[in-house]
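Next up, structure-v5.cif (mmCIF, C-alpha atoms and all ligand atoms):
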```
data_target
loop_
_atom_site.label_atom_id
_atom_site.label_comp_id
_atom_site.auth_asym_id
_atom_site.auth_seq_id
_atom_site.Cartn_x
_atom_site.Cartn_y
_atom_site.Cartn_z
CA MET A 865 22.10 34.93 138.34
CA PRO A 866 18.93 32.92 138.88
CA ALA A 867 17.46 32.93 142.36
CA SER A 868 19.00 30.15 144.41
CA SER A 869 18.54 28.64 147.83
CA PRO A 870 21.51 28.39 150.23
CA ASN A 871 20.72 24.92 151.56
CA CYS A 872 19.94 23.15 148.34
CA VAL A 873 22.13 20.43 146.84
CA PHE A 874 20.97 21.24 143.31
CA CYS A 875 21.69 24.97 143.74
CA ASP A 876 25.19 23.86 144.85
CA ILE A 877 25.57 21.91 141.60
CA ILE A 878 24.47 24.97 139.61
CA ARG A 879 26.99 27.11 141.50
CA GLY A 880 29.68 24.54 140.68
CA ASP A 881 30.17 23.62 144.36
CA ASN A 882 29.15 20.00 143.91
CA PRO A 883 30.68 18.42 140.81
CA HIS A 884 28.44 16.13 138.77
CA HIS A 885 28.68 14.73 135.27
CA VAL A 886 26.95 17.42 133.23
CA VAL A 887 25.29 16.28 130.01
CA TYR A 888 23.40 19.45 129.09
CA GLU A 889 23.64 23.10 130.01
CA ASP A 890 22.15 26.36 128.80
CA ALA A 891 21.37 29.69 130.45
CA GLU A 892 18.31 28.34 132.26
CA TYR A 893 18.63 24.57 132.60
CA LEU A 894 21.18 22.02 133.69
CA GLY A 895 21.18 18.29 132.95
CA PHE A 896 23.49 15.91 134.80
CA LEU A 897 23.83 12.24 135.67
CA ASP A 898 22.15 11.21 138.90
CA LYS A 899 24.77 10.12 141.46
CA TYR A 900 22.49 7.25 142.50
CA PRO A 901 21.40 5.89 139.13
CA LEU A 902 18.38 3.59 138.80
CA ASN A 903 19.86 2.53 135.46
CA PRO A 904 22.86 3.66 133.42
CA GLY A 905 22.17 7.08 131.90
CA HIS A 906 19.77 8.19 134.66
CA THR A 907 19.74 11.95 134.11
CA GLN A 908 18.25 14.84 136.04
CA LEU A 909 17.15 18.02 134.31
CA ILE A 910 16.69 21.04 136.56
CA PRO A 911 15.88 24.72 136.11
CA LYS A 912 18.73 26.94 137.32
CA GLU A 913 16.17 29.04 139.16
CA HIS A 914 15.27 27.46 142.49
CA TYR A 915 11.65 26.27 142.63
CA ARG A 916 10.43 23.75 145.16
CA TRP A 917 8.27 21.85 142.66
CA VAL A 918 8.12 21.72 138.87
CA TRP A 919 4.50 22.89 139.31
CA ASP A 920 5.74 26.14 140.90
CA MET A 921 7.47 27.11 137.66
CA PRO A 922 5.83 29.56 135.26
CA GLN A 923 3.68 27.71 132.73
CA ALA A 924 5.80 28.63 129.71
CA ASP A 925 9.00 27.53 131.48
CA ILE A 926 7.50 24.10 132.16
CA GLY A 927 6.76 23.85 128.43
CA PHE A 928 10.34 24.80 127.54
CA MET A 929 11.74 22.42 130.09
CA PHE A 930 9.76 19.51 128.65
CA MET A 931 11.03 20.35 125.16
CA LYS A 932 14.48 19.76 126.65
CA VAL A 933 13.26 16.63 128.42
CA ARG A 934 12.17 15.33 125.01
CA ARG A 935 15.54 16.16 123.49
CA ILE A 936 17.43 14.39 126.26
CA ALA A 937 15.05 11.40 126.08
CA LYS A 938 15.79 11.09 122.36
CA ALA A 939 19.52 11.17 123.05
CA LEU A 940 19.12 8.48 125.75
CA GLN A 941 17.13 6.31 123.32
CA LYS A 942 20.03 6.44 120.89
CA VAL A 943 22.88 6.02 123.36
CA PHE A 944 21.26 3.12 125.24
CA ASN A 945 19.57 1.58 122.22
CA THR A 946 16.13 1.53 123.83
CA GLU A 947 12.84 3.23 122.99
CA TRP A 948 11.76 3.05 126.62
CA VAL A 949 12.79 6.17 128.49
CA ILE A 950 10.67 7.36 131.39
CA ALA A 951 10.48 10.87 132.78
CA ASP A 952 9.04 11.82 136.14
CA THR A 953 9.08 14.92 138.24
CA GLY A 954 9.79 13.10 141.50
CA GLY A 955 10.42 15.83 143.99
CA ILE A 956 11.06 14.49 147.48
CA GLY A 957 14.75 13.58 147.22
CA VAL A 958 15.95 17.15 146.73
CA PRO A 959 13.56 20.09 147.26
CA HIS A 960 14.45 21.74 143.93
CA ALA A 961 12.28 21.18 140.85
CA HIS A 962 13.69 18.34 138.75
CA VAL A 963 12.79 15.77 136.12
CA HIS A 964 14.32 12.29 136.25
CA LEU A 965 14.96 10.64 132.91
CA VAL A 966 15.65 6.92 133.16
CA PRO A 967 16.47 4.67 130.20
CA ARG A 968 14.63 1.37 130.66
CA PHE A 969 15.31 -2.18 129.53
CA GLU A 970 13.08 -5.28 129.49
CA ASP A 971 15.29 -7.12 131.97
CA ASP A 972 16.27 -4.23 134.25
CA GLY A 973 14.40 -5.62 137.25
CA HIS A 974 12.27 -2.50 137.80
CA GLY A 975 8.48 -2.51 137.55
CA GLU A 976 6.51 -0.17 135.32
CA LEU A 977 7.97 2.53 137.52
CA PRO A 978 11.56 2.22 138.74
CA ASP A 979 12.10 0.56 142.10
CA PRO A 980 14.01 3.11 144.22
CA LYS A 981 15.78 0.23 146.01
CA ILE A 982 17.46 -0.91 142.78
CA LEU A 983 20.48 1.32 142.32
CA ARG A 984 23.35 0.67 139.93
CA GLU A 985 26.94 0.72 141.03
CA ILE A 986 28.67 2.46 138.15
CA PRO A 987 32.39 3.24 138.42
CA GLU A 988 33.39 6.87 138.02
CA ASN A 989 35.18 6.30 134.71
CA GLU A 990 32.06 4.65 133.26
CA MET A 991 29.89 7.53 134.49
CA GLU A 992 32.26 9.86 132.68
CA GLU A 993 32.01 7.80 129.50
CA ILE A 994 28.20 7.71 129.72
CA ALA A 995 28.07 11.50 130.18
CA ARG A 996 30.38 11.98 127.21
CA LYS A 997 28.18 9.80 124.97
CA ILE A 998 24.97 11.61 125.95
CA LYS A 999 26.61 15.00 125.50
CA THR A 1000 27.95 14.04 122.08
CA GLU A 1001 24.52 12.77 121.00
CA LEU A 1002 22.88 16.01 122.21
CA GLU A 1003 25.40 18.08 120.29
CA ARG A 1004 24.78 16.01 117.16
CA THR A 1005 21.04 16.66 117.29
CA PRO A 1006 20.39 20.27 118.29
CA GLY A 1007 16.88 21.69 118.79
ZN ZN A 1101 17.82 24.77 144.62
#
```

Would you mind writing the file out in structure tokens?
Amino acid sequence: MPASSPNCVFCDIIRGDNPHHVVYEDAEYLGFLDKYPLNPGHTQLIPKEHYRWVWDMPQADIGFMFMKVRRIAKALQKVFNTEWVIADTGGIGVPHAHVHLVPRFEDDGHGELPDPKILREIPENEMEEIARKIKTELERTPG
């Protein structure tokens, strides 16, 4: 088991104590839909090991994680029919290293960076459908 922190929402998700819509999982990383999406398909990718910041991770792990970020970004491009997908390491919402991936659209109302005040209300069944589409796309294009 990777090292975890007892008072960390993301470690709870990894332990299965806080159900989210998972889109990607392997031995070391977990990708799931953000519960407070800035746009449909807003995904978080996290290492299963608890680190406070992405920059605390071993160098090689950051490289591996960003290979997965690229793979998820490509899936989001396909599913949401947009080339514009942003990735940022954020870090203040939950103190566990994470990368936000947000599909972007010309008319989505955000600036160059997403406006944290613009959140989408997406019904649970739609979130489920979005997760299923991303997962299917990721399975179709391994690597
Ligand atoms: Zn954690």

Pick from A:Tyr888, A:Trp917, A:Phe944, A:Phe969 nearest to ligand ZN 1101 (chain A), counting all atoms listed in the file:
A:Trp917

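Across the structure, atom CA of Ala995 of chain A and atom CA of Val873 of chain A are spaced 19.8 Å apart.
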
Leaving out Arg935 of chain A and any residue of its chain fewer than 5 positions from it, which residues lie within 9 Å of it when counting all atoms listed in the file, given as a JSON list (two decimals) with C-alpha atoms, keeping the file's coordinate frame?
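Once everything was written out, this is result24.json:
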```json
[["chain", "number", "residue", "atom", "x", "y", "z"],
["A", 930, "PHE", "CA", 9.76, 19.51, 128.65],
["A", 940, "LEU", "CA", 19.12, 8.48, 125.75],
["A", 1002, "LEU", "CA", 22.88, 16.01, 122.21],
["A", 1005, "THR", "CA", 21.04, 16.66, 117.29],
["A", 1006, "PRO", "CA", 20.39, 20.27, 118.29],
["A", 1007, "GLY", "CA", 16.88, 21.69, 118.79]]
```

Within 7 Å of ligand ZN 1101 (chain A), which residues of chain A show up? Give each one with its shortest atom-to-atom distance in Å (one decimal) and the two atoms involved, counting only C-alpha atoms and all ligand atoms, rows by chain then rising residue number, as CSV.
```
residue,atom,partner,partner_atom,distance
A:Ser868,CA,A:ZN1101,ZN,5.5
A:Ser869,CA,A:ZN1101,ZN,5.1
A:Cys872,CA,A:ZN1101,ZN,4.6
A:Val873,CA,A:ZN1101,ZN,6.5
A:Phe874,CA,A:ZN1101,ZN,4.9
A:Cys875,CA,A:ZN1101,ZN,4.0
A:His914,CA,A:ZN1101,ZN,4.3
A:Tyr915,CA,A:ZN1101,ZN,6.7
A:Pro959,CA,A:ZN1101,ZN,6.9
A:His960,CA,A:ZN1101,ZN,4.6
```

Could you tell me how far atom CA of Ala867 of chain A sits from atom CA of Arg916 of chain A, in Å to one decimal place?
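So the two atoms, atom CA of Arg916 of chain A and atom CA of Ala867 of chain A, lie 11.9 Å apart.
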
Calculate how many Å separate atom CA of Thr1000 of chain A from atom CA of Val887 of chain A, rounding to one decimal.
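One can read the atom CA of Thr1000 of chain A to atom CA of Val887 of chain A distance as 8.7 Å.
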
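Taking all atoms listed in the file into account, Glu976 of chain A lies nearest to A:Ile950 out of the set A:Glu889, A:Arg934, A:Ile950, A:Asn871.
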
Kindly extract all protein, DNA and RNA residues lying within 9 Å of the coordinates (21.7, 1.7, 138.7) given in the file, considering all atoms listed in the file, and supply them as number ranges by chain.
A: 900-906, 982-986

Given the point (16.1, 9.3, 134.1) in the coordinates of this file, which residues lie within 10 Å, counting only C-alpha atoms, and how would they look as an MDAnalysis selection string?
chainID A and resid 896:898 901:909 933 936:937 940 949:953 963:968 978

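Of the residues listed (A:His974, A:Arg879, A:Lys999, A:Lys942), A:Lys999 shows the shortest atom-to-atom separation from Gly895 of chain A; distances use all atoms listed in the file.
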
Using all atoms listed in the file, the residue out of A:Lys899, A:Gly973, A:Ala924, A:Val918 with shortest distance to His885 of chain A is A:Lys899
